[in-house]
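start-v5.cif (mmCIF, C-alpha atoms and all ligand atoms) appears below.
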data_protein
loop_
_atom_site.label_atom_id
_atom_site.label_comp_id
_atom_site.auth_asym_id
_atom_site.auth_seq_id
_atom_site.Cartn_x
_atom_site.Cartn_y
_atom_site.Cartn_z
CA MET A 1 1.45 -14.05 -16.77
CA ASN A 2 -1.96 -13.53 -18.27
CA ILE A 3 -1.36 -10.64 -20.62
CA THR A 4 -4.52 -9.96 -22.58
CA ASP A 5 -8.10 -10.78 -21.78
CA GLU A 6 -11.74 -10.02 -22.44
CA TYR A 7 -11.72 -7.13 -19.97
CA ASP A 8 -9.27 -5.06 -22.01
CA HIS A 9 -11.87 -3.58 -24.35
CA LEU A 10 -14.45 -3.24 -21.57
CA ALA A 11 -12.18 -1.38 -19.17
CA PRO A 12 -8.73 -0.56 -20.53
CA LYS A 13 -5.71 -0.68 -18.25
CA LEU A 14 -4.47 2.72 -17.09
CA ILE A 15 -1.43 3.86 -19.05
CA GLY A 16 0.88 6.86 -18.77
CA LYS A 17 0.58 8.14 -22.31
CA LYS A 18 -2.92 9.58 -21.96
CA GLU A 19 -2.23 13.28 -21.50
CA GLY A 20 -4.10 15.01 -18.71
CA THR A 21 -4.45 11.84 -16.63
CA PHE A 22 -2.80 11.31 -13.27
CA ALA A 23 -0.87 8.38 -14.73
CA TYR A 24 0.62 10.76 -17.32
CA PHE A 25 1.53 13.27 -14.60
CA THR A 26 3.08 10.46 -12.56
CA VAL A 27 5.35 9.27 -15.35
CA ARG A 28 6.24 12.78 -16.49
CA ASP A 29 6.78 14.42 -13.09
CA ARG A 30 6.54 12.15 -10.06
CA TRP A 31 8.88 9.35 -11.16
CA PRO A 32 11.75 11.60 -12.29
CA LYS A 33 11.36 13.49 -9.02
CA ILE A 34 11.62 10.30 -6.95
CA VAL A 35 14.77 9.25 -8.84
CA THR A 36 16.24 12.75 -8.40
CA SER A 37 15.58 12.68 -4.66
CA LEU A 38 17.54 9.41 -4.42
CA VAL A 39 20.43 10.97 -6.34
CA ASP A 40 20.36 13.96 -3.97
CA GLN A 41 20.32 11.67 -0.96
CA LEU A 42 23.41 9.77 -2.11
CA ALA A 43 25.25 13.04 -2.74
CA ARG A 44 24.26 14.39 0.67
CA ARG A 45 25.17 11.19 2.54
CA ARG A 46 28.37 10.44 0.66
CA ALA A 47 30.74 11.30 3.54
CA GLU A 48 28.59 9.41 6.04
CA LEU A 49 28.53 6.30 3.82
CA ILE A 50 32.30 6.43 3.28
CA GLU A 51 32.79 6.63 7.02
CA GLN A 52 30.47 3.66 7.51
CA TYR A 53 31.72 1.36 4.72
CA GLY A 54 35.15 2.69 3.77
CA SER A 55 36.27 4.27 0.51
CA GLY A 56 35.14 1.20 -1.47
CA VAL A 57 31.58 2.48 -1.27
CA GLU A 58 32.48 5.34 -3.62
CA ARG A 59 32.46 2.88 -6.52
CA ASP A 60 28.97 1.71 -5.46
CA ILE A 61 27.68 5.27 -5.28
CA ALA A 62 29.14 6.09 -8.69
CA ASP A 63 27.54 2.98 -10.22
CA ILE A 64 24.13 3.81 -8.77
CA LEU A 65 24.33 7.45 -9.84
CA GLU A 66 25.21 6.41 -13.38
CA LYS A 67 22.23 4.03 -13.49
CA PHE A 68 19.87 6.64 -12.09
CA ALA A 69 21.00 9.33 -14.56
CA LYS A 70 20.22 6.87 -17.36
CA LEU A 71 16.93 5.81 -15.74
CA ARG A 72 15.77 9.41 -15.39
CA TYR A 73 16.66 10.12 -19.01
CA GLU A 74 14.87 6.98 -20.19
CA ILE A 75 11.71 7.82 -18.28
CA MET A 76 11.63 11.41 -19.53
CA THR A 77 12.27 10.46 -23.15
CA ASP A 78 9.91 7.47 -23.06
CA LYS A 79 12.49 4.80 -23.82
CA ALA A 80 11.87 1.06 -23.60
CA LEU A 81 12.13 -0.62 -20.19
CA CYS A 82 15.51 -2.28 -19.78
CA ASN A 83 16.23 -5.62 -18.14
CA LEU A 84 17.03 -6.19 -14.51
CA CYS A 85 20.68 -6.94 -14.01
CA GLU A 86 20.43 -9.32 -11.06
CA ASP A 87 19.07 -12.74 -10.27
CA ARG A 88 18.62 -12.34 -6.55
CA LEU A 89 15.15 -12.22 -5.03
CA ASP A 90 12.74 -12.47 -7.99
CA GLY A 91 15.04 -11.03 -10.67
CA ARG A 92 14.68 -13.98 -13.00
CA LYS A 93 10.89 -13.86 -12.75
CA TRP A 94 10.95 -10.18 -13.60
CA ARG A 95 12.97 -10.84 -16.74
CA GLU A 96 10.39 -13.41 -17.82
CA MET A 97 7.55 -10.99 -17.13
CA LEU A 98 9.30 -8.25 -19.09
CA ASN A 99 9.71 -10.62 -22.03
CA ASP A 100 6.06 -11.70 -21.86
CA MET A 101 4.95 -8.12 -21.69
CA ARG A 102 7.16 -7.03 -24.60
CA THR A 103 5.94 -9.79 -26.86
CA GLY A 104 2.37 -10.16 -25.76
CA ILE A 105 0.65 -7.27 -24.19
CA MET A 106 1.40 -4.20 -26.24
CA PRO A 107 -1.57 -3.28 -28.44
CA ASN A 108 0.27 -3.80 -31.70
CA ASP A 109 3.71 -4.72 -32.88
CA THR A 110 4.72 -1.13 -33.46
CA GLU A 111 4.32 -0.21 -29.79
CA GLU A 112 7.21 -0.84 -27.47
CA LEU A 113 7.04 -1.46 -23.73
CA THR A 114 8.08 2.03 -22.67
CA TYR A 115 7.56 4.12 -19.56
CA PHE A 116 4.58 6.04 -20.97
CA LYS A 117 3.10 3.34 -23.22
CA GLY A 118 3.30 0.36 -20.88
CA PRO A 119 0.52 -0.48 -18.40
CA TRP A 120 0.95 1.95 -15.51
CA LEU A 121 0.79 -0.65 -12.74
CA PHE A 122 3.36 -2.90 -14.40
CA VAL A 123 5.78 -0.07 -15.19
CA GLU A 124 5.48 1.52 -11.75
CA CYS A 125 6.27 -1.80 -10.05
CA PHE A 126 9.19 -2.26 -12.46
CA LEU A 127 10.53 1.18 -11.54
CA TYR A 128 10.71 0.38 -7.82
CA ARG A 129 12.10 -3.08 -8.53
CA TYR A 130 14.78 -1.59 -10.81
CA ILE A 131 15.77 0.98 -8.15
CA TYR A 132 16.15 -1.87 -5.65
CA SER A 133 18.26 -3.84 -8.08
CA ALA A 134 20.63 -0.88 -8.61
CA PHE A 135 21.41 -0.87 -4.88
CA ASN A 136 21.20 -4.62 -4.48
CA ILE A 137 24.08 -5.51 -6.81
CA THR A 138 26.57 -3.15 -5.13
CA ASN A 139 29.20 -4.42 -2.72
CA HIS A 140 28.13 -2.34 0.28
CA LEU A 141 24.68 -0.85 -0.22
CA GLY A 142 22.65 -3.98 -0.98
CA GLN A 143 20.71 -3.80 2.30
CA MET A 144 20.25 -0.04 2.37
CA ASP A 145 16.70 1.27 2.72
CA TYR A 146 16.97 4.46 0.68
CA PHE A 147 13.44 5.53 1.73
CA GLU A 148 14.09 4.99 5.42
CA GLU A 149 14.74 8.64 6.36
CA SER A 150 11.40 9.87 5.01
CA LYS A 151 9.47 7.01 6.66
CA LYS A 152 11.02 7.74 10.06
CA LYS A 153 10.39 11.45 9.67
CA ASN A 154 6.76 10.76 8.82
CA PHE A 155 6.38 8.89 12.13
CA MET A 156 8.13 11.60 14.14
CA ASP A 157 6.02 14.33 12.50
CA HIS A 158 2.81 12.70 13.74
CA LEU A 159 3.58 11.91 17.39
CA PRO A 160 0.56 13.80 18.82
CA GLN A 161 -1.78 12.05 16.39
CA ILE A 162 -0.28 8.66 17.28
CA GLU A 163 -0.70 9.36 21.01
CA GLU A 164 -4.34 10.32 20.39
CA SER A 165 -4.97 7.01 18.58
CA ALA A 166 -3.25 5.02 21.35
CA ALA A 167 -5.33 6.82 24.00
CA PHE A 168 -8.53 6.02 22.11
CA LEU A 169 -7.48 2.38 21.81
CA MET A 170 -6.75 2.11 25.54
CA LYS A 171 -10.17 3.60 26.27
CA ILE A 172 -12.12 1.17 24.10
CA SER A 173 -10.09 -2.03 24.19
CA ALA A 174 -10.97 -2.99 27.75
CA LYS A 175 -13.85 -5.49 27.80
CA ASP A 176 -15.94 -3.18 30.04
CA ALA A 177 -15.14 -0.09 27.97
CA PRO A 178 -17.69 2.70 28.41
CA VAL A 179 -17.63 3.52 24.69
CA HIS A 180 -20.23 1.76 22.55
CA GLU A 181 -18.51 -1.05 20.69
CA LEU A 182 -19.97 -0.23 17.28
CA PHE A 183 -18.76 3.34 17.61
CA GLY A 184 -15.35 1.95 18.58
CA ILE A 185 -15.11 -0.38 15.56
CA ASN A 186 -16.21 2.33 13.16
CA THR A 187 -13.76 4.86 14.58
CA ILE A 188 -10.81 2.45 14.57
CA LEU A 189 -11.47 1.33 10.98
CA LYS A 190 -11.95 4.89 9.70
CA SER A 191 -8.90 6.05 11.58
CA SER A 192 -6.86 3.29 9.90
CA LEU A 193 -8.38 4.44 6.60
CA TRP A 194 -7.50 8.12 6.99
CA GLY A 195 -3.96 7.31 8.07
CA ASN A 196 -3.59 6.41 4.40
CA ARG A 197 -3.54 10.11 3.47
CA ALA A 198 0.08 10.48 4.64
CA ASP A 199 1.60 8.93 1.53
CA MET A 200 5.03 10.11 0.46
CA SER A 201 5.02 8.50 -2.96
CA LEU A 202 2.32 11.00 -3.90
CA THR A 203 4.57 13.96 -3.19
CA GLY A 204 7.68 12.35 -4.64
CA GLY A 205 9.08 11.83 -1.14
CA ASP A 206 8.39 15.36 0.11
CA ASP A 207 7.09 16.04 3.57
CA HIS A 208 3.39 15.27 3.92
CA THR A 209 2.16 16.00 7.42
CA MET A 210 -1.53 15.47 8.15
CA LYS A 211 -3.08 18.46 9.87
CA MET A 212 -6.13 16.58 11.15
CA SER A 213 -5.56 13.46 13.26
CA SER A 214 -6.93 10.17 11.96
CA ILE A 215 -9.23 9.88 14.97
CA ALA A 216 -10.73 13.33 14.28
CA ALA A 217 -10.93 12.51 10.56
CA SER A 218 -12.90 9.32 11.31
CA SER A 219 -15.96 11.40 12.20
CA LYS A 220 -15.32 14.73 10.46
CA LEU A 221 -14.65 13.34 6.99
CA ALA A 222 -17.72 11.07 6.76
CA ASP A 223 -18.94 12.95 3.66
CA PHE A 224 -15.74 12.05 1.83
CA VAL A 225 -16.26 8.30 2.19
CA LEU A 226 -17.87 7.46 -1.15
CA ILE A 227 -18.62 3.84 -0.28
CA ASP A 228 -19.01 2.86 3.36
CA ASP A 229 -19.53 -0.88 3.93
CA VAL A 230 -18.48 -0.81 7.60
CA ASN A 231 -21.96 -1.79 8.85
CA GLU A 232 -22.10 -4.68 6.39
CA LEU A 233 -18.63 -5.77 7.54
CA ILE A 234 -19.80 -5.77 11.15
CA CYS A 235 -23.03 -7.69 10.38
CA LYS A 236 -21.56 -10.26 8.01
CA VAL A 237 -18.02 -10.78 9.29
CA LEU A 238 -16.91 -9.14 12.53
CA GLY A 239 -20.10 -9.77 14.51
CA PRO A 240 -20.17 -13.54 13.83
CA LEU A 241 -16.44 -13.77 14.56
CA GLN A 242 -16.90 -12.22 18.00
CA ILE A 243 -20.05 -14.19 18.82
CA ASN A 244 -18.19 -17.42 18.06
CA GLU A 245 -15.14 -16.47 20.09
CA LYS A 246 -15.48 -19.51 22.35
CA LYS A 247 -16.33 -21.98 19.57
CA LEU A 248 -13.86 -21.01 16.87
CA LYS A 249 -10.18 -21.35 17.50
CA ASN A 250 -7.47 -19.81 15.36
CA ARG A 251 -9.65 -17.01 14.08
CA ARG A 252 -7.25 -15.17 11.87
CA VAL A 253 -7.41 -11.67 10.40
CA ASP A 254 -4.87 -10.55 7.77
CA ILE A 255 -3.95 -6.93 7.11
CA VAL A 256 -2.10 -6.22 3.88
CA LEU A 257 -0.28 -3.05 4.87
CA ASP A 258 0.44 0.04 2.87
CA ASN A 259 2.60 2.80 4.34
CA ALA A 260 4.90 2.87 7.35
CA GLY A 261 5.00 5.79 9.81
CA VAL A 262 1.72 7.16 11.11
CA GLU A 263 -0.39 4.90 8.89
CA LEU A 264 1.28 1.76 10.23
CA ALA A 265 0.75 2.98 13.82
CA GLY A 266 -2.99 3.25 13.03
CA ASP A 267 -3.04 -0.21 11.46
CA LEU A 268 -1.42 -1.68 14.56
CA VAL A 269 -4.11 0.03 16.65
CA LEU A 270 -6.62 -1.83 14.49
CA ALA A 271 -4.75 -5.14 14.96
CA GLU A 272 -4.60 -4.69 18.74
CA PHE A 273 -8.28 -3.72 18.89
CA LEU A 274 -9.33 -6.87 16.98
CA LEU A 275 -7.33 -9.05 19.37
CA ALA A 276 -8.30 -7.24 22.56
CA ARG A 277 -12.03 -7.21 21.83
CA GLY A 278 -12.21 -10.85 20.77
CA PHE A 279 -12.60 -10.58 16.99
CA ALA A 280 -9.44 -12.57 16.24
CA ASP A 281 -6.93 -14.91 17.85
CA LYS A 282 -4.12 -13.78 15.63
CA VAL A 283 -3.46 -11.00 13.16
CA ILE A 284 -1.03 -11.47 10.29
CA VAL A 285 0.34 -8.21 8.91
CA HIS A 286 1.77 -8.39 5.40
CA GLY A 287 4.47 -5.94 4.36
CA LYS A 288 7.00 -5.53 1.58
CA ALA A 289 10.23 -7.52 1.22
CA ILE A 290 12.09 -4.50 -0.17
CA PRO A 291 11.73 -0.67 -0.12
CA TRP A 292 8.60 -0.04 -2.20
CA PHE A 293 6.57 2.94 -3.48
CA VAL A 294 8.58 5.25 -1.17
CA SER A 295 6.63 4.84 2.03
CA ASP A 296 5.53 1.17 2.11
CA THR A 297 6.19 -0.92 5.21
CA THR A 298 9.15 -3.32 5.38
CA GLU A 299 9.97 -5.60 8.31
CA ASN A 300 12.50 -3.05 9.60
CA ASP A 301 9.85 -0.32 9.51
CA PHE A 302 7.46 -2.58 11.40
CA ASN A 303 9.99 -3.35 14.16
CA TRP A 304 11.11 0.27 14.32
CA VAL A 305 7.58 1.65 14.71
CA VAL A 306 6.72 -0.87 17.46
CA ASP A 307 9.90 0.14 19.25
CA GLN A 308 9.46 3.89 18.78
CA LEU A 309 5.85 4.13 19.98
CA LYS A 310 7.26 5.07 23.37
CA GLU A 311 8.39 8.38 21.86
CA ALA A 312 4.78 9.44 21.29
CA GLY A 313 3.63 9.57 24.94
CA PRO A 314 2.44 7.47 27.90
CA GLU A 315 -0.54 5.82 26.15
CA SER A 316 1.60 4.94 23.14
CA THR A 317 4.23 3.52 25.48
CA LYS A 318 1.63 1.16 27.00
CA PHE A 319 0.40 0.31 23.52
CA GLY A 320 3.96 -0.46 22.35
CA GLU A 321 4.54 -2.78 25.33
CA GLN A 322 1.27 -4.55 24.59
CA LEU A 323 2.28 -5.00 20.94
CA LYS A 324 5.63 -6.49 21.93
CA LYS A 325 3.81 -9.11 24.03
CA ARG A 326 1.49 -9.88 21.13
CA ILE A 327 4.46 -10.34 18.81
CA GLU A 328 6.26 -12.54 21.34
CA ASN A 329 3.13 -14.69 21.71
CA MET A 330 2.76 -14.92 17.91
CA GLU A 331 -0.61 -13.18 18.10
CA ILE A 332 0.73 -10.56 15.71
CA ILE A 333 2.99 -11.90 12.96
CA PHE A 334 4.75 -9.94 10.21
CA LYS A 335 5.10 -11.60 6.79
CA CYS A 336 6.33 -10.37 3.42
CA ASP A 337 5.52 -12.67 0.50
CA LEU A 338 7.19 -11.69 -2.79
CA PHE A 339 3.78 -11.59 -4.45
CA TRP A 340 3.13 -8.23 -2.80
CA ILE A 341 6.03 -6.72 -4.77
CA SER A 342 4.97 -8.28 -8.05
CA PRO A 343 3.05 -6.27 -10.67
CA HIS A 344 0.20 -8.81 -10.70
CA PRO A 345 -3.44 -7.96 -10.15
CA TYR A 346 -4.91 -10.00 -7.31
CA TYR A 347 -7.30 -12.07 -9.40
CA ILE A 348 -4.32 -14.11 -10.62
CA MET A 349 -2.91 -14.68 -7.13
CA GLU A 350 -4.26 -18.23 -7.12
CA LYS A 351 -2.21 -19.01 -10.23
CA GLU A 352 0.90 -16.91 -9.52
CA ALA A 353 1.19 -17.41 -5.76
CA PRO A 354 -0.83 -20.56 -4.96
CA GLU A 355 0.68 -21.04 -1.49
CA LEU A 356 -0.17 -17.52 -0.41
CA PHE A 357 -3.67 -17.85 -1.84
CA GLU A 358 -4.19 -21.14 -0.06
CA GLU A 359 -3.00 -19.63 3.21
CA LEU A 360 -5.41 -16.71 2.84
CA THR A 361 -8.35 -19.07 2.41
CA THR A 362 -7.90 -19.92 6.11
CA SER A 363 -8.32 -16.26 7.09
CA SER A 364 -11.60 -14.90 8.46
CA LEU A 365 -10.99 -11.46 7.06
CA LEU A 366 -8.42 -9.90 4.77
CA ILE A 367 -8.02 -6.12 5.07
CA PHE A 368 -6.32 -4.30 2.19
CA LYS A 369 -4.83 -0.94 3.03
CA GLY A 370 -4.26 1.82 0.54
CA ASP A 371 -4.20 2.71 -3.09
CA LEU A 372 -1.77 0.20 -4.57
CA ASN A 373 -3.63 -2.75 -3.05
CA TYR A 374 -6.87 -1.35 -4.44
CA ARG A 375 -5.36 -0.84 -7.89
CA LYS A 376 -4.31 -4.49 -7.86
CA LEU A 377 -7.73 -5.63 -6.63
CA VAL A 378 -9.51 -3.98 -9.56
CA GLY A 379 -6.70 -4.60 -12.07
CA ASP A 380 -5.78 -0.89 -12.43
CA ARG A 381 -8.43 -0.33 -15.07
CA ASP A 382 -10.55 2.56 -16.23
CA TRP A 383 -13.83 1.03 -14.97
CA ASP A 384 -17.17 2.72 -15.38
CA LEU A 385 -17.77 4.08 -11.89
CA ASP A 386 -20.91 2.00 -11.38
CA THR A 387 -19.28 -1.31 -12.31
CA SER A 388 -19.81 -3.64 -9.37
CA PHE A 389 -16.82 -4.20 -7.08
CA LYS A 390 -17.28 -7.93 -7.59
CA THR A 391 -16.96 -7.60 -11.39
CA ALA A 392 -13.88 -5.39 -11.05
CA CYS A 393 -12.20 -7.86 -8.67
CA ARG A 394 -12.87 -10.62 -11.20
CA GLY A 395 -13.49 -13.51 -8.86
CA PHE A 396 -10.72 -12.82 -6.37
CA ALA A 397 -12.11 -14.03 -3.04
CA PRO A 398 -9.92 -16.34 -0.94
CA CYS A 399 -11.99 -15.13 2.04
CA PRO A 400 -14.07 -12.02 2.89
CA PHE A 401 -11.96 -8.94 2.19
CA PHE A 402 -12.25 -5.27 3.02
CA ALA A 403 -10.51 -2.41 1.20
CA LEU A 404 -9.66 0.74 3.15
CA ARG A 405 -8.37 3.18 0.57
CA THR A 406 -8.05 6.90 -0.02
CA LEU A 407 -8.24 7.53 -3.76
CA LYS A 408 -4.91 8.35 -5.42
CA ALA A 409 -5.34 6.75 -8.84
CA GLU A 410 -8.00 6.96 -11.52
CA THR A 411 -9.58 3.61 -10.89
CA VAL A 412 -12.57 2.83 -8.72
CA ALA A 413 -15.62 0.58 -8.99
CA GLY A 414 -18.88 0.12 -7.15
CA LEU A 415 -20.03 3.72 -6.69
CA SER A 416 -23.76 4.25 -6.18
CA ALA A 417 -25.81 6.39 -8.58
CA ALA A 418 -26.26 8.93 -5.77
CA SER A 419 -22.49 9.21 -5.20
CA ILE A 420 -21.81 9.57 -8.91
CA ASP A 421 -24.45 12.33 -9.23
CA LYS A 422 -22.95 14.16 -6.26
CA LEU A 423 -19.44 13.97 -7.72
CA LEU A 424 -20.61 15.06 -11.17
CA ALA A 425 -22.44 18.04 -9.67
CA LYS A 426 -19.34 19.10 -7.80
CA PHE A 427 -16.55 18.23 -10.25
CA ASP A 428 -18.21 17.85 -13.67
CA GLU A 429 -15.50 16.62 -16.07
CA ASP A 430 -12.68 17.23 -13.58
CA ASN A 431 -11.33 13.92 -12.26
CA SER A 432 -9.14 15.37 -9.53
CA TRP A 433 -11.30 13.78 -6.81
CA MET A 434 -9.93 10.40 -7.94
CA THR A 435 -6.33 11.26 -7.16
CA SER A 436 -6.26 13.96 -4.48
CA GLY A 437 -6.38 11.53 -1.53
CA GLU A 438 -9.36 13.50 -0.16
CA TYR A 439 -11.96 10.87 -1.01
CA ALA A 440 -12.07 7.33 0.24
CA VAL A 441 -13.82 3.98 0.02
CA CYS A 442 -14.41 1.23 2.62
CA GLN A 443 -15.49 -1.69 0.43
CA LEU A 444 -16.42 -5.22 1.35
CA GLY A 445 -15.84 -8.07 -1.10
CA GLY A 446 -15.72 -11.85 -1.13
CA VAL A 447 -18.94 -12.40 0.86
MG MG B 501 2.25 3.14 -0.25
#
Let's see the structure in the file written out as structure tokens.
Amino acid sequence: MNITDEYDHLAPKLIGKKEGTFAYFTVRDRWPKIVTSLVDQLARRRAELIEQYGSGVERDIADILEKFAKLRYEIMTDKALCNLCEDRLDGRKWREMLNDMRTGIMPNDTEELTYFKGPWLFVECFLYRYIYSAFNITNHLGQMDYFEESKKKNFMDHLPQIEESAAFLMKISAKDAPVHELFGINTILKSSLWGNRADMSLTGGDDHTMKMSSIAASSKLADFVLIDDVNELICKVLGPLQINEKKLKNRRVDIVLDNAGVELAGDLVLAEFLLARGFADKVIVHGKAIPWFVSDTTENDFNWVVDQLKEAGPESTKFGEQLKKRIENMEIIFKCDLFWISPHPYYIMEKEAPELFEELTTSSLLIFKGDLNYRKLVGDRDWDLDTSFKTACRGFAPCPFFALRTLKAETVAGLSAASIDKLLAKFDEDNSWMTSGEYAVCQLGGV
């Protein structure tokens, strides 16, 4: 992996050791809390797991608990990252990356690759990969999704909001819909954007129910969208795609998902809308191969949400049936390339995952959902706020791409002078707007 480059002095990578930053708070408080919640879950579900797998699972639970006690201690005392103990999946690759990082990237030889001192993006990905590996090497719990309960609860806690989105979709997806199409596109995209607020990694897995529905948020929270390229997206990408519906075959849109639950339901509304209104012939949704960043979407989450839409009401039931047909006809396809669970920024996708990159060059539009995708797009760096999005993405452009992200990390690029002035007037030196999830960007790149 490319470990140092000319951008390092221009915009340093975010790291956990800088006190007062959100990265520091994450390493100090959020990560130990996530590990503790997994320990609590295993203790609470012990009897249930023994009933399911037999008494042999007790050894597995004990092994995991021992690893997690050590992990928690090592995070809190800023110890060096250990190795992964398995070769399955991409374990070997991770060991190579850890070695590269230990020898190459740290600012000087006296610094070790530790939880606070290592690049935040790399260490955070390592943390979730290590947690997976602790379960994966056990005899019985290798396939367990230890974040499943909270993802399902998140969906169930938002049934009225999901029904509202499905009803809106049904109203506007008919070809003779009475709602103006531009209003429809804007609402659907913004609704998909604001679904990104319900992120359980932010709260360490605690309940995070959105009070305002995503549909309501799409109009009411306009002032909180710091960059809004939706009109440009319509003019440059979506409009031409629809106009050429008859001429172009295999028009493909890709959505790189973030969270399951209510956010995924909103993203599927977006996918169905693009297909129903003639913007795409197929939509590929990209999820995670393993449980990731607490609430991220796996294939099981995807299938479960499609199946459970019927719980939300009559419009959601119709929507769910429609989705099942789309999936059957291969108009909506779920994929989970291992690159999405790597710690790599996207500008090195072409080198690190050439097949995926090549595939994405055939897409008409690539939509990135959420904070982690955005961090990887801009390399998780402390950019000056007015750095252009193009510079921050460093040449990544397999096709036009569009980031829908609520801000939960201290990295953003491409803000206008007017936006920066407004933020400075309101927040002065306080950077909390970058991490509260209240502000958002809809940014177009690759055109
Ligand atoms: Mg997420």
How would you write, as a VMD selection string, the set of residues no farther than 7 Å from ligand MG 501 (chain B) when counting all atoms listed in the file? chain A and resid 199 201 258 to 259 293 to 296 370 372
Any chance you could tabulate, as CSV, the residues of range 85-146 of chain A at most 7 Å from range 67-81 of chain A with each one's nearest atom pair and distance in Å to one decimal, using all atoms listed in the file, in chain and rising number order?
residue,atom,partner,partner_atom,distance
A:Glu112,CA,A:Ala80,CA,6.3
A:Leu113,CA,A:Ala80,CA,5.4
A:Thr114,CA,A:Ala80,CA,4.0
A:Tyr115,CA,A:Asp78,CA,5.4
A:Phe116,CA,A:Asp78,CA,5.9
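In this model, the gap between CA of Arg277 in chain A and CA of Met156 in chain A comes to 28.6 Å.
CA of Glu272 in chain A lies 18.9 Å from CA of Leu248 in chain A.
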If I take CA of Cys82 in chain A and CA of Glu66 in chain A, how far is one from the other in Å, to one decimal? 14.5 Å
For Tyr346 in chain A, find every residue with an atom within 7 Å (counting only C-alpha atoms), except residues of its own chain fewer than 4 positions away, and show them as a ChimeraX atom specification. /A:376-377,396
Could you list, as a PDB file with C-alpha atoms, keeping the file's coordinate frame, every residue within 7 Å of range 217-234 of chain A, counting only C-alpha atoms and ignoring same-chain residues fewer than 2 positions away?
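Saved file selection-v9.pdb follows:
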ATOM      1  CA  ASN A 186     -16.210   2.330  13.160  1.00  0.00           C
ATOM      2  CA  THR A 187     -13.760   4.860  14.580  1.00  0.00           C
ATOM      3  CA  LYS A 190     -11.950   4.890   9.700  1.00  0.00           C
ATOM      4  CA  SER A 191      -8.900   6.050  11.580  1.00  0.00           C
ATOM      5  CA  TRP A 194      -7.500   8.120   6.990  1.00  0.00           C
ATOM      6  CA  MET A 212      -6.130  16.580  11.150  1.00  0.00           C
ATOM      7  CA  SER A 213      -5.560  13.460  13.260  1.00  0.00           C
ATOM      8  CA  SER A 214      -6.930  10.170  11.960  1.00  0.00           C
ATOM      9  CA  ILE A 215      -9.230   9.880  14.970  1.00  0.00           C
ATOM     10  CA  LYS A 236     -21.560 -10.260   8.010  1.00  0.00           C
ATOM     11  CA  VAL A 237     -18.020 -10.780   9.290  1.00  0.00           C
ATOM     12  CA  LEU A 238     -16.910  -9.140  12.530  1.00  0.00           C
ATOM     13  CA  GLY A 239     -20.100  -9.770  14.510  1.00  0.00           C
ATOM     14  CA  LEU A 415     -20.030   3.720  -6.690  1.00  0.00           C
ATOM     15  CA  SER A 419     -22.490   9.210  -5.200  1.00  0.00           C
ATOM     16  CA  GLU A 438      -9.360  13.500  -0.160  1.00  0.00           C
ATOM     17  CA  TYR A 439     -11.960  10.870  -1.010  1.00  0.00           C
ATOM     18  CA  ALA A 440     -12.070   7.330   0.240  1.00  0.00           C
ATOM     19  CA  VAL A 441     -13.820   3.980   0.020  1.00  0.00           C
ATOM     20  CA  CYS A 442     -14.410   1.230   2.620  1.00  0.00           C
ATOM     21  CA  GLN A 443     -15.490  -1.690   0.430  1.00  0.00           C
ATOM     22  CA  LEU A 444     -16.420  -5.220   1.350  1.00  0.00           C
TER      23      LEU A 444
END
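Distance check against Pro314 in chain A using all atoms listed in the file: of A:Leu42, A:Ala23, A:Ala166, A:Leu65, the minimum falls on A:Ala166.
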Residue list as a count of residues only for point (-13.1, 3.6, 24.9), cut-off 12 Å, all atoms listed in the file: 26
Report the centre and edge lengths, in Å to one decimal, of an axis-aligned box enclosing every atom of range 300-317 of chain A listed in the file, padded by 3 Å on each side, as AutoDock Vina command-line options.
--center_x 6.0 --center_y 3.1 --center_z 18.7 --size_x 19.0 --size_y 18.9 --size_z 24.4
Name the residues in contact with Thr391 in chain A at a cut-off of 12 Å, using only C-alpha atoms, excluding same-chain residues fewer than 5 positions from it; report them as an MDAnalysis selection string. chainID A and resid 7 10:11 347 377:379 381 383:386 396:397 412:414 445:446
Considering all atoms listed in the file, return as an mmCIF file with C-alpha atoms, in the frame of the given file whatever protein or nucleic-acid residues lie within 10 Å of Ala47 in chain A, sequence-local ones (same chain, fewer than 6 positions apart) excluded.
data_model
loop_
_atom_site.group_PDB
_atom_site.id
_atom_site.type_symbol
_atom_site.label_atom_id
_atom_site.label_comp_id
_atom_site.auth_asym_id
_atom_site.auth_seq_id
_atom_site.Cartn_x
_atom_site.Cartn_y
_atom_site.Cartn_z
ATOM 1 C CA GLY A 54 35.150 2.690 3.770
ATOM 2 C CA SER A 55 36.270 4.270 0.510
ATOM 3 C CA GLU A 58 32.480 5.340 -3.620
#
Compile the contact shell of Glu245 in chain A as a list in words: residues with an atom at most 12 Å away, counting all atoms listed in the file, same-chain residues fewer than 5 positions apart removed.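 In the requested format, the answer is Leu238, Gly239, Pro240, Asn250, Arg251, Arg252, Leu274, Leu275, Ala276, Arg277, Gly278, Phe279, Ala280 and Asp281 of chain A.
The residue that comes closest to Asp63 in chain A, out of A:Ser133, A:Val447, A:Gln322, A:Glu328 and on the basis of all atoms listed in the file, is A:Ser133.
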